[in-house]
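Engineer: To be precise about what I am sending: the file is called model-v8.pdb and holds PDB, N, CA and C atoms.
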```pdb
ATOM      1  N   MET Z  18       0.846  -1.174   0.000  1.00  0.00           N
ATOM      2  CA  MET Z  18       0.000   0.000   0.000  1.00  0.00           C
ATOM      3  C   MET Z  18       0.892   1.238   0.000  1.00  0.00           C
ATOM      4  N   THR Z  19       0.351   2.320  -0.514  1.00  0.00           N
ATOM      5  CA  THR Z  19       1.080   3.586  -0.555  1.00  0.00           C
ATOM      6  C   THR Z  19       0.701   4.414   0.672  1.00  0.00           C
ATOM      7  N   LEU Z  20       1.704   5.014   1.312  1.00  0.00           N
ATOM      8  CA  LEU Z  20       1.470   5.876   2.468  1.00  0.00           C
ATOM      9  C   LEU Z  20       2.050   7.248   2.200  1.00  0.00           C
ATOM     10  N   GLU Z  21       1.276   8.282   2.512  1.00  0.00           N
ATOM     11  CA  GLU Z  21       1.756   9.662   2.472  1.00  0.00           C
ATOM     12  C   GLU Z  21       1.445  10.306   3.810  1.00  0.00           C
ATOM     13  N   ILE Z  22       2.435  11.003   4.371  1.00  0.00           N
ATOM     14  CA  ILE Z  22       2.239  11.784   5.598  1.00  0.00           C
ATOM     15  C   ILE Z  22       2.487  13.236   5.231  1.00  0.00           C
ATOM     16  N   LEU Z  23       1.468  14.064   5.412  1.00  0.00           N
ATOM     17  CA  LEU Z  23       1.529  15.469   5.008  1.00  0.00           C
ATOM     18  C   LEU Z  23       1.242  16.396   6.180  1.00  0.00           C
ATOM     19  N   THR Z  24       1.984  17.518   6.234  1.00  0.00           N
ATOM     20  CA  THR Z  24       1.696  18.596   7.176  1.00  0.00           C
ATOM     21  C   THR Z  24       1.374  19.831   6.332  1.00  0.00           C
ATOM     22  N   PRO Z  25       0.896  20.909   6.945  1.00  0.00           N
ATOM     23  CA  PRO Z  25       0.633  22.124   6.158  1.00  0.00           C
ATOM     24  C   PRO Z  25       1.896  22.665   5.473  1.00  0.00           C
ATOM     25  N   GLU Z  26       3.073  22.381   6.037  1.00  0.00           N
ATOM     26  CA  GLU Z  26       4.312  22.911   5.484  1.00  0.00           C
ATOM     27  C   GLU Z  26       4.950  22.042   4.417  1.00  0.00           C
ATOM     28  N   LYS Z  27       4.893  20.688   4.587  1.00  0.00           N
ATOM     29  CA  LYS Z  27       5.630  19.832   3.659  1.00  0.00           C
ATOM     30  C   LYS Z  27       5.156  18.380   3.723  1.00  0.00           C
ATOM     31  N   LYS Z  28       5.648  17.594   2.752  1.00  0.00           N
ATOM     32  CA  LYS Z  28       5.416  16.159   2.736  1.00  0.00           C
ATOM     33  C   LYS Z  28       6.508  15.519   3.597  1.00  0.00           C
ATOM     34  N   ILE Z  29       6.103  14.768   4.623  1.00  0.00           N
ATOM     35  CA  ILE Z  29       7.036  14.138   5.553  1.00  0.00           C
ATOM     36  C   ILE Z  29       7.487  12.779   5.049  1.00  0.00           C
ATOM     37  N   TYR Z  30       6.556  12.024   4.455  1.00  0.00           N
ATOM     38  CA  TYR Z  30       6.872  10.667   4.003  1.00  0.00           C
ATOM     39  C   TYR Z  30       5.990  10.301   2.818  1.00  0.00           C
ATOM     40  N   SER Z  31       6.559   9.558   1.882  1.00  0.00           N
ATOM     41  CA  SER Z  31       5.804   9.017   0.762  1.00  0.00           C
ATOM     42  C   SER Z  31       6.485   7.749   0.299  1.00  0.00           C
ATOM     43  N   GLY Z  32       5.732   6.644   0.239  1.00  0.00           N
ATOM     44  CA  GLY Z  32       6.334   5.408  -0.225  1.00  0.00           C
ATOM     45  C   GLY Z  32       5.447   4.204  -0.008  1.00  0.00           C
ATOM     46  N   GLU Z  33       5.923   3.055  -0.484  1.00  0.00           N
ATOM     47  CA  GLU Z  33       5.215   1.789  -0.330  1.00  0.00           C
ATOM     48  C   GLU Z  33       5.521   1.193   1.034  1.00  0.00           C
ATOM     49  N   VAL Z  34       4.497   0.746   1.751  1.00  0.00           N
ATOM     50  CA  VAL Z  34       4.662   0.179   3.094  1.00  0.00           C
ATOM     51  C   VAL Z  34       3.796  -1.073   3.241  1.00  0.00           C
ATOM     52  N   TYR Z  35       4.094  -1.861   4.261  1.00  0.00           N
ATOM     53  CA  TYR Z  35       3.279  -3.026   4.606  1.00  0.00           C
ATOM     54  C   TYR Z  35       2.049  -2.596   5.409  1.00  0.00           C
ATOM     55  N   GLY Z  36       2.237  -1.595   6.277  1.00  0.00           N
ATOM     56  CA  GLY Z  36       1.146  -1.106   7.102  1.00  0.00           C
ATOM     57  C   GLY Z  36       1.566   0.094   7.925  1.00  0.00           C
ATOM     58  N   VAL Z  37       0.622   0.623   8.705  1.00  0.00           N
ATOM     59  CA  VAL Z  37       0.905   1.776   9.558  1.00  0.00           C
ATOM     60  C   VAL Z  37       0.067   1.667  10.834  1.00  0.00           C
ATOM     61  N   LEU Z  38       0.681   1.976  11.967  1.00  0.00           N
ATOM     62  CA  LEU Z  38       0.023   1.980  13.271  1.00  0.00           C
ATOM     63  C   LEU Z  38      -0.213   3.435  13.661  1.00  0.00           C
ATOM     64  N   LEU Z  39      -1.476   3.778  13.951  1.00  0.00           N
ATOM     65  CA  LEU Z  39      -1.867   5.179  14.161  1.00  0.00           C
ATOM     66  C   LEU Z  39      -2.539   5.398  15.512  1.00  0.00           C
ATOM     67  N   PRO Z  40      -2.359   6.611  16.102  1.00  0.00           N
ATOM     68  CA  PRO Z  40      -3.022   6.946  17.368  1.00  0.00           C
ATOM     69  C   PRO Z  40      -4.397   7.567  17.124  1.00  0.00           C
ATOM     70  N   GLY Z  41      -5.428   6.736  17.034  1.00  0.00           N
ATOM     71  CA  GLY Z  41      -6.791   7.230  16.856  1.00  0.00           C
ATOM     72  C   GLY Z  41      -7.287   7.899  18.127  1.00  0.00           C
ATOM     73  N   ILE Z  42      -8.357   8.652  18.035  1.00  0.00           N
ATOM     74  CA  ILE Z  42      -8.858   9.362  19.221  1.00  0.00           C
ATOM     75  C   ILE Z  42      -9.420   8.424  20.279  1.00  0.00           C
ATOM     76  N   THR Z  43      -9.759   7.191  19.889  1.00  0.00           N
ATOM     77  CA  THR Z  43     -10.238   6.218  20.872  1.00  0.00           C
ATOM     78  C   THR Z  43      -9.238   5.095  21.120  1.00  0.00           C
ATOM     79  N   GLY Z  44      -8.020   5.229  20.577  1.00  0.00           N
ATOM     80  CA  GLY Z  44      -6.980   4.219  20.796  1.00  0.00           C
ATOM     81  C   GLY Z  44      -6.203   3.926  19.519  1.00  0.00           C
ATOM     82  N   LEU Z  45      -5.160   3.117  19.675  1.00  0.00           N
ATOM     83  CA  LEU Z  45      -4.314   2.761  18.538  1.00  0.00           C
ATOM     84  C   LEU Z  45      -5.052   1.843  17.571  1.00  0.00           C
ATOM     85  N   PHE Z  46      -4.793   2.012  16.276  1.00  0.00           N
ATOM     86  CA  PHE Z  46      -5.314   1.082  15.279  1.00  0.00           C
ATOM     87  C   PHE Z  46      -4.313   0.948  14.146  1.00  0.00           C
ATOM     88  N   GLU Z  47      -4.447  -0.153  13.402  1.00  0.00           N
ATOM     89  CA  GLU Z  47      -3.488  -0.478  12.357  1.00  0.00           C
ATOM     90  C   GLU Z  47      -4.186  -0.573  11.015  1.00  0.00           C
ATOM     91  N   ILE Z  48      -3.522  -0.066   9.987  1.00  0.00           N
ATOM     92  CA  ILE Z  48      -4.014  -0.164   8.620  1.00  0.00           C
ATOM     93  C   ILE Z  48      -3.007  -0.994   7.848  1.00  0.00           C
ATOM     94  N   LEU Z  49      -3.481  -2.066   7.212  1.00  0.00           N
ATOM     95  CA  LEU Z  49      -2.618  -2.944   6.434  1.00  0.00           C
ATOM     96  C   LEU Z  49      -3.003  -2.883   4.959  1.00  0.00           C
ATOM     97  N   ASP Z  50      -2.211  -3.541   4.130  1.00  0.00           N
ATOM     98  CA  ASP Z  50      -2.435  -3.604   2.692  1.00  0.00           C
ATOM     99  C   ASP Z  50      -3.875  -4.021   2.378  1.00  0.00           C
ATOM    100  N   LYS Z  51      -4.491  -3.375   1.401  1.00  0.00           N
ATOM    101  CA  LYS Z  51      -5.852  -3.663   0.925  1.00  0.00           C
ATOM    102  C   LYS Z  51      -6.934  -3.423   1.987  1.00  0.00           C
ATOM    103  N   HIS Z  52      -6.709  -2.456   2.860  1.00  0.00           N
ATOM    104  CA  HIS Z  52      -7.697  -2.106   3.891  1.00  0.00           C
ATOM    105  C   HIS Z  52      -8.940  -1.497   3.242  1.00  0.00           C
ATOM    106  N   ALA Z  53     -10.081  -1.699   3.861  1.00  0.00           N
ATOM    107  CA  ALA Z  53     -11.329  -1.094   3.389  1.00  0.00           C
ATOM    108  C   ALA Z  53     -11.235   0.429   3.487  1.00  0.00           C
ATOM    109  N   PRO Z  54     -11.995   1.162   2.660  1.00  0.00           N
ATOM    110  CA  PRO Z  54     -11.990   2.632   2.753  1.00  0.00           C
ATOM    111  C   PRO Z  54     -12.336   3.096   4.171  1.00  0.00           C
ATOM    112  N   LEU Z  55     -11.665   4.178   4.597  1.00  0.00           N
ATOM    113  CA  LEU Z  55     -11.787   4.637   5.982  1.00  0.00           C
ATOM    114  C   LEU Z  55     -11.386   6.101   6.080  1.00  0.00           C
ATOM    115  N   VAL Z  56     -12.060   6.841   6.956  1.00  0.00           N
ATOM    116  CA  VAL Z  56     -11.627   8.182   7.359  1.00  0.00           C
ATOM    117  C   VAL Z  56     -11.710   8.203   8.876  1.00  0.00           C
ATOM    118  N   SER Z  57     -10.632   8.655   9.540  1.00  0.00           N
ATOM    119  CA  SER Z  57     -10.611   8.663  10.999  1.00  0.00           C
ATOM    120  C   SER Z  57      -9.818   9.855  11.513  1.00  0.00           C
ATOM    121  N   ALA Z  58     -10.260  10.375  12.668  1.00  0.00           N
ATOM    122  CA  ALA Z  58      -9.522  11.447  13.343  1.00  0.00           C
ATOM    123  C   ALA Z  58      -8.360  10.839  14.121  1.00  0.00           C
ATOM    124  N   LEU Z  59      -7.271  11.596  14.215  1.00  0.00           N
ATOM    125  CA  LEU Z  59      -6.086  11.164  14.946  1.00  0.00           C
ATOM    126  C   LEU Z  59      -5.787  12.144  16.068  1.00  0.00           C
ATOM    127  N   LYS Z  60      -5.232  11.629  17.171  1.00  0.00           N
ATOM    128  CA  LYS Z  60      -4.772  12.502  18.245  1.00  0.00           C
ATOM    129  C   LYS Z  60      -3.251  12.522  18.223  1.00  0.00           C
ATOM    130  N   SER Z  61      -2.670  13.413  18.993  1.00  0.00           N
ATOM    131  CA  SER Z  61      -1.213  13.473  19.090  1.00  0.00           C
ATOM    132  C   SER Z  61      -0.685  12.172  19.664  1.00  0.00           C
ATOM    133  N   GLY Z  62       0.439  11.715  19.136  1.00  0.00           N
ATOM    134  CA  GLY Z  62       1.028  10.459  19.599  1.00  0.00           C
ATOM    135  C   GLY Z  62       2.074   9.966  18.622  1.00  0.00           C
ATOM    136  N   ASN Z  63       2.358   8.676  18.694  1.00  0.00           N
ATOM    137  CA  ASN Z  63       3.371   8.080  17.829  1.00  0.00           C
ATOM    138  C   ASN Z  63       2.729   7.311  16.682  1.00  0.00           C
ATOM    139  N   LEU Z  64       3.216   7.564  15.477  1.00  0.00           N
ATOM    140  CA  LEU Z  64       2.807   6.851  14.276  1.00  0.00           C
ATOM    141  C   LEU Z  64       3.959   5.923  13.918  1.00  0.00           C
ATOM    142  N   LYS Z  65       3.667   4.660  13.653  1.00  0.00           N
ATOM    143  CA  LYS Z  65       4.712   3.685  13.329  1.00  0.00           C
ATOM    144  C   LYS Z  65       4.460   3.139  11.933  1.00  0.00           C
ATOM    145  N   ILE Z  66       5.440   3.311  11.055  1.00  0.00           N
ATOM    146  CA  ILE Z  66       5.357   2.800   9.693  1.00  0.00           C
ATOM    147  C   ILE Z  66       5.977   1.408   9.674  1.00  0.00           C
ATOM    148  N   LEU Z  67       5.204   0.431   9.213  1.00  0.00           N
ATOM    149  CA  LEU Z  67       5.684  -0.938   9.075  1.00  0.00           C
ATOM    150  C   LEU Z  67       6.160  -1.109   7.634  1.00  0.00           C
ATOM    151  N   LYS Z  68       7.476  -1.111   7.440  1.00  0.00           N
ATOM    152  CA  LYS Z  68       8.031  -1.130   6.085  1.00  0.00           C
ATOM    153  C   LYS Z  68       7.818  -2.468   5.381  1.00  0.00           C
ATOM    154  N   ASP Z  69       7.869  -3.581   6.145  1.00  0.00           N
ATOM    155  CA  ASP Z  69       7.652  -4.915   5.585  1.00  0.00           C
ATOM    156  C   ASP Z  69       7.182  -5.836   6.698  1.00  0.00           C
ATOM    157  N   LYS Z  70       7.005  -7.128   6.386  1.00  0.00           N
ATOM    158  CA  LYS Z  70       6.474  -8.067   7.372  1.00  0.00           C
ATOM    159  C   LYS Z  70       7.448  -8.341   8.516  1.00  0.00           C
ATOM    160  N   SER Z  71       8.722  -8.042   8.316  1.00  0.00           N
ATOM    161  CA  SER Z  71       9.691  -8.193   9.411  1.00  0.00           C
ATOM    162  C   SER Z  71       9.533  -7.014  10.370  1.00  0.00           C
ATOM    163  N   LYS Z  72      10.463  -6.847  11.273  1.00  0.00           N
ATOM    164  CA  LYS Z  72      10.341  -5.787  12.284  1.00  0.00           C
ATOM    165  C   LYS Z  72      10.938  -4.458  11.822  1.00  0.00           C
ATOM    166  N   HIS Z  73      11.216  -4.315  10.530  1.00  0.00           N
ATOM    167  CA  HIS Z  73      11.766  -3.066  10.006  1.00  0.00           C
ATOM    168  C   HIS Z  73      10.682  -1.990  10.020  1.00  0.00           C
ATOM    169  N   SER Z  74      10.906  -0.923  10.800  1.00  0.00           N
ATOM    170  CA  SER Z  74       9.887   0.122  10.924  1.00  0.00           C
ATOM    171  C   SER Z  74      10.541   1.490  11.097  1.00  0.00           C
ATOM    172  N   GLU Z  75       9.700   2.506  11.055  1.00  0.00           N
ATOM    173  CA  GLU Z  75      10.118   3.898  11.213  1.00  0.00           C
ATOM    174  C   GLU Z  75       9.025   4.590  12.020  1.00  0.00           C
ATOM    175  N   SER Z  76       9.378   5.481  12.941  1.00  0.00           N
ATOM    176  CA  SER Z  76       8.377   6.120  13.797  1.00  0.00           C
ATOM    177  C   SER Z  76       8.437   7.641  13.714  1.00  0.00           C
ATOM    178  N   TYR Z  77       7.271   8.251  13.901  1.00  0.00           N
ATOM    179  CA  TYR Z  77       7.139   9.712  13.912  1.00  0.00           C
ATOM    180  C   TYR Z  77       6.258  10.125  15.081  1.00  0.00           C
ATOM    181  N   ALA Z  78       6.600  11.240  15.706  1.00  0.00           N
ATOM    182  CA  ALA Z  78       5.728  11.865  16.703  1.00  0.00           C
ATOM    183  C   ALA Z  78       4.835  12.819  15.910  1.00  0.00           C
ATOM    184  N   ILE Z  79       3.523  12.607  15.997  1.00  0.00           N
ATOM    185  CA  ILE Z  79       2.600  13.440  15.222  1.00  0.00           C
ATOM    186  C   ILE Z  79       1.693  14.258  16.133  1.00  0.00           C
ATOM    187  N   GLN Z  80       1.204  15.353  15.579  1.00  0.00           N
ATOM    188  CA  GLN Z  80       0.171  16.137  16.240  1.00  0.00           C
ATOM    189  C   GLN Z  80      -1.167  15.681  15.663  1.00  0.00           C
ATOM    190  N   SER Z  81      -2.255  16.205  16.149  1.00  0.00           N
ATOM    191  CA  SER Z  81      -3.582  15.748  15.729  1.00  0.00           C
ATOM    192  C   SER Z  81      -3.815  15.960  14.230  1.00  0.00           C
ATOM    193  N   GLY Z  82      -4.754  15.184  13.703  1.00  0.00           N
ATOM    194  CA  GLY Z  82      -5.079  15.287  12.288  1.00  0.00           C
ATOM    195  C   GLY Z  82      -6.070  14.233  11.864  1.00  0.00           C
ATOM    196  N   PHE Z  83      -5.960  13.780  10.625  1.00  0.00           N
ATOM    197  CA  PHE Z  83      -6.875  12.801  10.054  1.00  0.00           C
ATOM    198  C   PHE Z  83      -6.120  11.828   9.175  1.00  0.00           C
ATOM    199  N   VAL Z  84      -6.727  10.659   8.951  1.00  0.00           N
ATOM    200  CA  VAL Z  84      -6.215   9.692   7.982  1.00  0.00           C
ATOM    201  C   VAL Z  84      -7.366   9.300   7.063  1.00  0.00           C
ATOM    202  N   GLU Z  85      -7.045   9.155   5.774  1.00  0.00           N
ATOM    203  CA  GLU Z  85      -8.008   8.671   4.787  1.00  0.00           C
ATOM    204  C   GLU Z  85      -7.385   7.487   4.073  1.00  0.00           C
ATOM    205  N   VAL Z  86      -8.147   6.402   3.944  1.00  0.00           N
ATOM    206  CA  VAL Z  86      -7.693   5.222   3.212  1.00  0.00           C
ATOM    207  C   VAL Z  86      -8.678   4.988   2.073  1.00  0.00           C
ATOM    208  N   ILE Z  87      -8.150   4.947   0.850  1.00  0.00           N
ATOM    209  CA  ILE Z  87      -8.988   4.669  -0.320  1.00  0.00           C
ATOM    210  C   ILE Z  87      -8.083   4.132  -1.429  1.00  0.00           C
ATOM    211  N   ASN Z  88      -8.554   3.118  -2.135  1.00  0.00           N
ATOM    212  CA  ASN Z  88      -7.815   2.512  -3.252  1.00  0.00           C
ATOM    213  C   ASN Z  88      -6.389   2.116  -2.876  1.00  0.00           C
ATOM    214  N   ASN Z  89      -6.237   1.483  -1.717  1.00  0.00           N
ATOM    215  CA  ASN Z  89      -4.951   0.988  -1.218  1.00  0.00           C
ATOM    216  C   ASN Z  89      -3.912   2.105  -1.031  1.00  0.00           C
ATOM    217  N   LYS Z  90      -4.396   3.313  -0.720  1.00  0.00           N
ATOM    218  CA  LYS Z  90      -3.521   4.448  -0.409  1.00  0.00           C
ATOM    219  C   LYS Z  90      -3.997   5.086   0.887  1.00  0.00           C
ATOM    220  N   ALA Z  91      -3.067   5.245   1.837  1.00  0.00           N
ATOM    221  CA  ALA Z  91      -3.378   5.903   3.107  1.00  0.00           C
ATOM    222  C   ALA Z  91      -2.731   7.286   3.092  1.00  0.00           C
ATOM    223  N   THR Z  92      -3.546   8.307   3.331  1.00  0.00           N
ATOM    224  CA  THR Z  92      -3.042   9.679   3.393  1.00  0.00           C
ATOM    225  C   THR Z  92      -3.267  10.188   4.811  1.00  0.00           C
ATOM    226  N   VAL Z  93      -2.174  10.547   5.471  1.00  0.00           N
ATOM    227  CA  VAL Z  93      -2.217  11.058   6.846  1.00  0.00           C
ATOM    228  C   VAL Z  93      -1.987  12.566   6.778  1.00  0.00           C
ATOM    229  N   LEU Z  94      -2.968  13.342   7.239  1.00  0.00           N
ATOM    230  CA  LEU Z  94      -2.879  14.807   7.264  1.00  0.00           C
ATOM    231  C   LEU Z  94      -2.807  15.237   8.714  1.00  0.00           C
ATOM    232  N   VAL Z  95      -1.665  15.796   9.125  1.00  0.00           N
ATOM    233  CA  VAL Z  95      -1.465  16.172  10.535  1.00  0.00           C
ATOM    234  C   VAL Z  95      -0.904  17.583  10.636  1.00  0.00           C
ATOM    235  N   GLU Z  96      -1.096  18.186  11.815  1.00  0.00           N
ATOM    236  CA  GLU Z  96      -0.612  19.545  12.072  1.00  0.00           C
ATOM    237  C   GLU Z  96       0.917  19.614  12.089  1.00  0.00           C
ATOM    238  N   GLY Z  97       1.555  18.539  12.508  1.00  0.00           N
ATOM    239  CA  GLY Z  97       3.014  18.516  12.556  1.00  0.00           C
ATOM    240  C   GLY Z  97       3.491  17.092  12.770  1.00  0.00           C
ATOM    241  N   ALA Z  98       4.729  16.814  12.368  1.00  0.00           N
ATOM    242  CA  ALA Z  98       5.315  15.478  12.547  1.00  0.00           C
ATOM    243  C   ALA Z  98       6.837  15.596  12.529  1.00  0.00           C
ATOM    244  N   GLU Z  99       7.481  14.768  13.357  1.00  0.00           N
ATOM    245  CA  GLU Z  99       8.949  14.696  13.304  1.00  0.00           C
ATOM    246  C   GLU Z  99       9.384  13.272  13.602  1.00  0.00           C
ATOM    247  N   ALA Z 100      10.453  12.861  12.946  1.00  0.00           N
ATOM    248  CA  ALA Z 100      10.987  11.496  13.134  1.00  0.00           C
ATOM    249  C   ALA Z 100      11.488  11.317  14.563  1.00  0.00           C
ATOM    250  N   ILE Z 101      11.254  10.114  15.115  1.00  0.00           N
ATOM    251  CA  ILE Z 101      11.766   9.798  16.457  1.00  0.00           C
ATOM    252  C   ILE Z 101      12.558   8.501  16.398  1.00  0.00           C
TER     253      ILE Z 101
END
```
Go ahead and render the structure in this file as structure tokens.
Structural biologist:
Amino acid sequence: MTLEILTPEKKIYSGEVYGVLLPGITGLFEILDKHAPLVSALKSGNLKILKDKSKHSESYAIQSGFVEVINNKATVLVEGAEAI
């Protein structure tokens, strides 16, 4: 699946991933390849990009925002993000 992480200032991440772990307003949730269409609000917390089925990952501290999943593409729109 394709993942994009965007802030008002710039694109933080863009690429093919296995999945992503997100801080939803009611708790953590995971989006994997071929996920059903979804729109959800996000709270501040840690976003974890799962690069492949192994434990290879990358993490970002994000501020609140939204995620949209459609046609095997997840777009994360947040107020701010930085690699941790």
Engineer: I'd like the contact shell of range 37-42 of chain Z - 8 Å cut-off, only C-alpha atoms, skipping same-chain residues fewer than 4 positions apart - returned as a PDB file with N, CA and C atoms, in the frame of the given file.
Structural biologist:
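File produced: out.pdb:
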```pdb
ATOM      1  N   PHE Z  46      -4.793   2.012  16.276  1.00  0.00           N
ATOM      2  CA  PHE Z  46      -5.314   1.082  15.279  1.00  0.00           C
ATOM      3  C   PHE Z  46      -4.313   0.948  14.146  1.00  0.00           C
ATOM      4  N   GLU Z  47      -4.447  -0.153  13.402  1.00  0.00           N
ATOM      5  CA  GLU Z  47      -3.488  -0.478  12.357  1.00  0.00           C
ATOM      6  C   GLU Z  47      -4.186  -0.573  11.015  1.00  0.00           C
ATOM      7  N   ILE Z  48      -3.522  -0.066   9.987  1.00  0.00           N
ATOM      8  CA  ILE Z  48      -4.014  -0.164   8.620  1.00  0.00           C
ATOM      9  C   ILE Z  48      -3.007  -0.994   7.848  1.00  0.00           C
ATOM     10  N   LEU Z  49      -3.481  -2.066   7.212  1.00  0.00           N
ATOM     11  CA  LEU Z  49      -2.618  -2.944   6.434  1.00  0.00           C
ATOM     12  C   LEU Z  49      -3.003  -2.883   4.959  1.00  0.00           C
ATOM     13  N   SER Z  57     -10.632   8.655   9.540  1.00  0.00           N
ATOM     14  CA  SER Z  57     -10.611   8.663  10.999  1.00  0.00           C
ATOM     15  C   SER Z  57      -9.818   9.855  11.513  1.00  0.00           C
ATOM     16  N   ALA Z  58     -10.260  10.375  12.668  1.00  0.00           N
ATOM     17  CA  ALA Z  58      -9.522  11.447  13.343  1.00  0.00           C
ATOM     18  C   ALA Z  58      -8.360  10.839  14.121  1.00  0.00           C
ATOM     19  N   LEU Z  59      -7.271  11.596  14.215  1.00  0.00           N
ATOM     20  CA  LEU Z  59      -6.086  11.164  14.946  1.00  0.00           C
ATOM     21  C   LEU Z  59      -5.787  12.144  16.068  1.00  0.00           C
ATOM     22  N   LYS Z  60      -5.232  11.629  17.171  1.00  0.00           N
ATOM     23  CA  LYS Z  60      -4.772  12.502  18.245  1.00  0.00           C
ATOM     24  C   LYS Z  60      -3.251  12.522  18.223  1.00  0.00           C
ATOM     25  N   SER Z  61      -2.670  13.413  18.993  1.00  0.00           N
ATOM     26  CA  SER Z  61      -1.213  13.473  19.090  1.00  0.00           C
ATOM     27  C   SER Z  61      -0.685  12.172  19.664  1.00  0.00           C
ATOM     28  N   GLY Z  62       0.439  11.715  19.136  1.00  0.00           N
ATOM     29  CA  GLY Z  62       1.028  10.459  19.599  1.00  0.00           C
ATOM     30  C   GLY Z  62       2.074   9.966  18.622  1.00  0.00           C
ATOM     31  N   ASN Z  63       2.358   8.676  18.694  1.00  0.00           N
ATOM     32  CA  ASN Z  63       3.371   8.080  17.829  1.00  0.00           C
ATOM     33  C   ASN Z  63       2.729   7.311  16.682  1.00  0.00           C
ATOM     34  N   LEU Z  64       3.216   7.564  15.477  1.00  0.00           N
ATOM     35  CA  LEU Z  64       2.807   6.851  14.276  1.00  0.00           C
ATOM     36  C   LEU Z  64       3.959   5.923  13.918  1.00  0.00           C
ATOM     37  N   LYS Z  65       3.667   4.660  13.653  1.00  0.00           N
ATOM     38  CA  LYS Z  65       4.712   3.685  13.329  1.00  0.00           C
ATOM     39  C   LYS Z  65       4.460   3.139  11.933  1.00  0.00           C
ATOM     40  N   ILE Z  66       5.440   3.311  11.055  1.00  0.00           N
ATOM     41  CA  ILE Z  66       5.357   2.800   9.693  1.00  0.00           C
ATOM     42  C   ILE Z  66       5.977   1.408   9.674  1.00  0.00           C
ATOM     43  N   LEU Z  67       5.204   0.431   9.213  1.00  0.00           N
ATOM     44  CA  LEU Z  67       5.684  -0.938   9.075  1.00  0.00           C
ATOM     45  C   LEU Z  67       6.160  -1.109   7.634  1.00  0.00           C
TER      46      LEU Z  67
END
```
Engineer: Mind telling me what the PyMOL selection byres ((chain Z and resi 21) around 7) catches here, as a list in words?
Structural biologist: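 After applying the PyMOL selection byres ((chain Z and resi 21) around 7), what remains is Thr19, Leu20, Ile22, Leu23, Ile29, Tyr30, Ser31, Gly32, Lys90, Ala91, Thr92, Val93 and Leu94 of chain Z.
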Engineer: Adding 6 Å on each side of the box along x, y and z that holds all listed atoms of range 64-75 of chain Z, could you give its centre and edge lengths in Å to one decimal, as lines of an AutoDock Vina configuration file?
Structural biologist:
```
center_x = 7.3
center_y = -0.4
center_z = 10.4
size_x = 21.0
size_y = 27.9
size_z = 22.1
```
Engineer: As a ChimeraX atom specification, please: the residues near Ile101 in chain Z (cut-off 5 Å, only N, CA and C atoms, same-chain neighbours under 5 positions excluded).
Structural biologist: /Z:76-78
Engineer: Excluding same-chain residues fewer than 4 positions from His52 in chain Z, what lies within 8 Å of it counting all atoms listed in the file, as a list in words?
Structural biologist: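 Close residues of His52 in chain Z: Met18, Ile48, Val86, Ile87, Asn88, Asn89 and Lys90 of chain Z.
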Engineer: I need the residues from that last selection saved to file as a compact mmCIF listing (two decimals), in the frame of the given file (with N, CA and C atoms), if you can.
Structural biologist:
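So out31.txt came out as:
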```
# COMPACT_ATOMS: atom_id res chain seq x y z
N MET Z 18 0.85 -1.17 0.00
CA MET Z 18 0.00 0.00 0.00
C MET Z 18 0.89 1.24 0.00
N ILE Z 48 -3.52 -0.07 9.99
CA ILE Z 48 -4.01 -0.16 8.62
C ILE Z 48 -3.01 -0.99 7.85
N VAL Z 86 -8.15 6.40 3.94
CA VAL Z 86 -7.69 5.22 3.21
C VAL Z 86 -8.68 4.99 2.07
N ILE Z 87 -8.15 4.95 0.85
CA ILE Z 87 -8.99 4.67 -0.32
C ILE Z 87 -8.08 4.13 -1.43
N ASN Z 88 -8.55 3.12 -2.13
CA ASN Z 88 -7.82 2.51 -3.25
C ASN Z 88 -6.39 2.12 -2.88
N ASN Z 89 -6.24 1.48 -1.72
CA ASN Z 89 -4.95 0.99 -1.22
C ASN Z 89 -3.91 2.10 -1.03
N LYS Z 90 -4.40 3.31 -0.72
CA LYS Z 90 -3.52 4.45 -0.41
C LYS Z 90 -4.00 5.09 0.89
```
Engineer: Mind giving me the straight-line distance from atom C of Glu33 in chain Z to atom C of Lys68 in chain Z in Å, one decimal?
Structural biologist: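 Distance between the two atoms: 6.1 Å.
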Engineer: As a VMD selection string, please: the residues near range 69-73 of chain Z (cut-off 8 Å, only C-alpha atoms, same-chain neighbours under 2 positions excluded).
Structural biologist: chain Z and resid 34 to 36 67 75
Engineer: Report, in Å with one decimal, the straight-line distance from CA of Lys51 in chain Z to atom N of Ser74 in chain Z.
Structural biologist: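 Interatomic distance, CA of Lys51 in chain Z to atom N of Ser74 in chain Z: 19.6 Å.
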Engineer: Using DSSP on the backbone, list every residue of chain Z that comes out as strand (DSSP E or B), and give them as JSON, numbers by chain.
Structural biologist: {"Z": [19, 20, 21, 22, 23, 28, 29, 30, 31, 32, 33, 36, 37, 38, 39, 40, 41, 44, 45, 46, 47, 48, 49, 55, 56, 57, 58, 59, 62, 63, 64, 65, 66, 67, 74, 75, 76, 77, 78, 79, 82, 83, 84, 85, 86, 87, 90, 91, 92, 93, 94, 95, 98, 99, 100]}
